[in-house]
Every structure is written in C-alpha cells, then in structure tokens.
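Notes to accompany the following structure.
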Amino acid sequence: MSDKTQSDPVRNKFLVVVDETPECMSAIRFACRRAWHVGGGVILLYVIEPPEFQHWMGVEQAMREEAREAAEERLQALAEDIRNETTIIPEFAIRDGYQKEEVLALIEEDPDIRILVLAASPDTGGPGPLVKSLVGEMSGTFAIPITVVPGNLTTRQLDAVT
C-alpha cells in the first residue's frame with residue numbers, strides 16, 4: 001500500500017527540455033500527447049546557460065534578467081498551446097546552469113518524472129549535444145527511460161505514434 005492518499009496520486013510526468021531549436025517542438029508535442037493519453041503530466045524545463053563571455057557584473061545581471069523574462073514568455077506561450085490542444089496544464093522549471101546538469105538535478109528532485117523526452121536534430125551534424133551526452137554517455141546508468149523523437153516528424157506522424 002502506498003503512502004499517498006487518493007487526493008495525492010502519483011502522477012507520471014514527462015520531462016521536456018525547452019530550447020530554441022526547431023526540433024524542440026517535436027519533443028513537446030510527443031510528450032504532451034503521450035501524457036494526455038495516459039493521464040500524466042508534463043514538465044517543461046528551460047535552462048539558462050551562463051554566458052561564454054563574463055561581462056561586468058551589472059551587464060551580466062541585466063542579461064540574466066532578460067533571459068529569464070524570455071524563458072517565462074516562451075513557456076507561457078507553449079503552455080497556452082498545450083492547454084488548447086490537450087487540456088494539460090504543464091509545470092515549468094527555469095534554471096540557471098548547464099542543460100545536462102539541470103536535467104539530472106530535476107529528475108533527482110521530482111520522483112514523479114518517469115520519462116525524459118528529447119528530440120534529435122535532423123541535421124547531418126548529429127542528434128545534438130544533449131542527446132549525445134545523455135543517450136550516448138549515460139544510457140546504461142540513467143535513472144529513467146529516455147525517448148528520443150526524430151526532429152523531422154510531421155504533426156501527423158507524431159500524433160500517430162502517441
């Protein structure tokens with residue numbers, strides 16, 4: 001018997017890393033459609049990576065604030081689209097750091113996250129650094145299943161597999 005009450009059910013969550021790549025939308029659609037079909041939830045993680053060039057403290061702080069505002073706007077717009085499409089209200093996580101480390105930290109912090117959904121870049125340069133790192137280097141030791149969605153699937157194709 002579980003310690004959770006009926007009012008506090010375990011909710012299987014799909015974690016998606018949001019960035020500015022076109023294939024990100026494929027991962028979001030896949031995760032949301034799967035969550036909708038199985039009665040799960042979605043967490044959208046946006047990681048604000050530190051600038052490569054360290055500016056003066058005031059300039060760096062202003063850049064960080066602008067990046068956080070942009071992340072919030074992007075997540076709000078995505079949430080509206082998700083609610084209209086699936087009735088799911090996604091959770092948000094905005095973090096400062098590096099994608100790989102923040103993905104791992106969030107998975108460790110939230111035991112309801114059951115699947116990480118990533119999208120592979122359709123470019124010939126490879127699937128992308130996060131996919132390479134998590135699927136390649138860590139695949140045998142990763143704490144949860146990872147679903148890698150081809151970034152070139154159409155909406156119809158994504159809907160067919162979810």
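Each chain in the structure tokens gets a letter, A, B and so on, in the order shown; residues start at 1 in every chain, and ligands are counted from 1 in the order they appear.
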
Per-residue nearest contacts segment 11-49 of chain A to segment 114-137 of chain A, cut-off 7 Å, using only C-alpha atoms, as a tab-separated table:
residue	atom	partner	partner_atom	distance
A:Asn12	CA	A:Arg114	CA	5.7
A:Lys13	CA	A:Arg114	CA	5.6
A:Phe14	CA	A:Ile115	CA	5.0
A:Leu15	CA	A:Leu116	CA	4.8
A:Val16	CA	A:Val117	CA	5.2
A:Val17	CA	A:Leu118	CA	6.9
A:Glu23	CA	A:Ala119	CA	5.7
A:Cys24	CA	A:Ala119	CA	5.9
A:Ser26	CA	A:Ala119	CA	6.4
A:Ala27	CA	A:Ala119	CA	5.0
A:Ala31	CA	A:Val117	CA	6.4

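Neighbours of segment 88-100 of chain A closer than or equal to 6 Å, with only C-alpha atoms counted and sequence neighbours fewer than 3 positions away skipped, come out as A:Val42, A:Ile43, A:Leu44, A:Leu45, A:Tyr46, A:Val47, A:Ile48, A:Glu49, A:Arg83, A:Val103.
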
Problem - DSSP strand (DSSP E) selection over chain A, as an NGL selection string - result: :A and (13-18 or 41-48 or 91-96 or 113-120 or 146-150)

Could you please take those selected residues and save N, CA and C atoms as a compact mmCIF listing (two decimals), in the first residue's frame?
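The resulting file, result.txt, is reproduced below:
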# COMPACT_ATOMS: atom_id res chain seq x y z
N LYS A 13 5.05 11.87 -14.93
CA LYS A 13 5.36 13.10 -15.64
C LYS A 13 6.38 12.85 -16.74
N PHE A 14 6.19 13.56 -17.83
CA PHE A 14 7.12 13.56 -18.95
C PHE A 14 7.91 14.86 -18.86
N LEU A 15 9.22 14.77 -18.86
CA LEU A 15 10.09 15.94 -18.80
C LEU A 15 10.58 16.27 -20.20
N VAL A 16 10.44 17.55 -20.59
CA VAL A 16 10.92 18.01 -21.89
C VAL A 16 11.81 19.22 -21.66
N VAL A 17 12.97 19.22 -22.32
CA VAL A 17 13.87 20.36 -22.26
C VAL A 17 13.48 21.32 -23.38
N VAL A 18 13.16 22.54 -23.01
CA VAL A 18 12.75 23.56 -23.98
C VAL A 18 13.96 24.40 -24.35
N GLY A 41 1.36 14.00 -16.61
CA GLY A 41 1.66 15.42 -16.64
C GLY A 41 2.91 15.70 -17.45
N VAL A 42 3.18 16.98 -17.64
CA VAL A 42 4.34 17.41 -18.41
C VAL A 42 5.08 18.50 -17.63
N ILE A 43 6.39 18.39 -17.61
CA ILE A 43 7.23 19.44 -17.05
C ILE A 43 8.08 19.98 -18.19
N LEU A 44 8.02 21.29 -18.38
CA LEU A 44 8.85 21.96 -19.38
C LEU A 44 10.03 22.60 -18.65
N LEU A 45 11.23 22.16 -18.97
CA LEU A 45 12.45 22.68 -18.35
C LEU A 45 13.17 23.60 -19.32
N TYR A 46 13.39 24.83 -18.88
CA TYR A 46 14.15 25.80 -19.67
C TYR A 46 15.41 26.13 -18.88
N VAL A 47 16.56 25.88 -19.47
CA VAL A 47 17.82 26.13 -18.79
C VAL A 47 18.50 27.34 -19.41
N ILE A 48 18.80 28.30 -18.56
CA ILE A 48 19.52 29.49 -18.99
C ILE A 48 20.99 29.24 -18.71
N GLU A 91 3.76 21.95 -15.98
CA GLU A 91 4.57 22.58 -14.95
C GLU A 91 5.77 23.22 -15.64
N PHE A 92 6.33 24.25 -15.02
CA PHE A 92 7.51 24.93 -15.55
C PHE A 92 8.67 24.78 -14.57
N ALA A 93 9.86 24.73 -15.13
CA ALA A 93 11.08 24.84 -14.34
C ALA A 93 12.05 25.68 -15.16
N ILE A 94 12.49 26.78 -14.58
CA ILE A 94 13.50 27.63 -15.21
C ILE A 94 14.71 27.58 -14.30
N ARG A 95 15.83 27.19 -14.87
CA ARG A 95 17.04 27.04 -14.06
C ARG A 95 18.23 27.70 -14.74
N ASP A 96 19.15 28.15 -13.93
CA ASP A 96 20.42 28.69 -14.40
C ASP A 96 21.46 27.59 -14.27
N ILE A 113 8.74 12.20 -12.13
CA ILE A 113 9.23 12.25 -13.51
C ILE A 113 9.60 10.83 -13.91
N ARG A 114 8.91 10.32 -14.92
CA ARG A 114 9.09 8.93 -15.32
C ARG A 114 9.78 8.76 -16.67
N ILE A 115 9.70 9.80 -17.53
CA ILE A 115 10.29 9.70 -18.87
C ILE A 115 10.85 11.06 -19.26
N LEU A 116 12.05 11.05 -19.81
CA LEU A 116 12.65 12.24 -20.40
C LEU A 116 12.44 12.15 -21.90
N VAL A 117 11.87 13.20 -22.48
CA VAL A 117 11.63 13.23 -23.92
C VAL A 117 12.54 14.28 -24.55
N LEU A 118 13.37 13.83 -25.48
CA LEU A 118 14.27 14.71 -26.21
C LEU A 118 13.98 14.56 -27.70
N ALA A 119 14.36 15.57 -28.46
CA ALA A 119 14.22 15.47 -29.92
C ALA A 119 15.61 15.54 -30.54
N ALA A 120 15.84 14.67 -31.49
CA ALA A 120 17.12 14.65 -32.20
C ALA A 120 17.06 15.61 -33.37
N ILE A 146 14.56 7.22 -21.59
CA ILE A 146 14.70 8.41 -22.43
C ILE A 146 14.06 8.08 -23.77
N THR A 147 13.15 8.93 -24.20
CA THR A 147 12.55 8.79 -25.52
C THR A 147 13.17 9.86 -26.41
N VAL A 148 13.75 9.44 -27.52
CA VAL A 148 14.33 10.39 -28.47
C VAL A 148 13.43 10.42 -29.70
N VAL A 149 12.84 11.58 -29.95
CA VAL A 149 11.91 11.77 -31.05
C VAL A 149 12.68 12.34 -32.24
N PRO A 150 12.54 11.77 -33.42
CA PRO A 150 13.19 12.37 -34.59
C PRO A 150 12.63 13.78 -34.81

Practice task
Run DSSP on the backbone and give me the residues of segment 83-137 of chain A it puts in alpha helix (DSSP H), as an MDAnalysis selection string.
Solution key: chainID A and resid 83:86 99:109 129:131
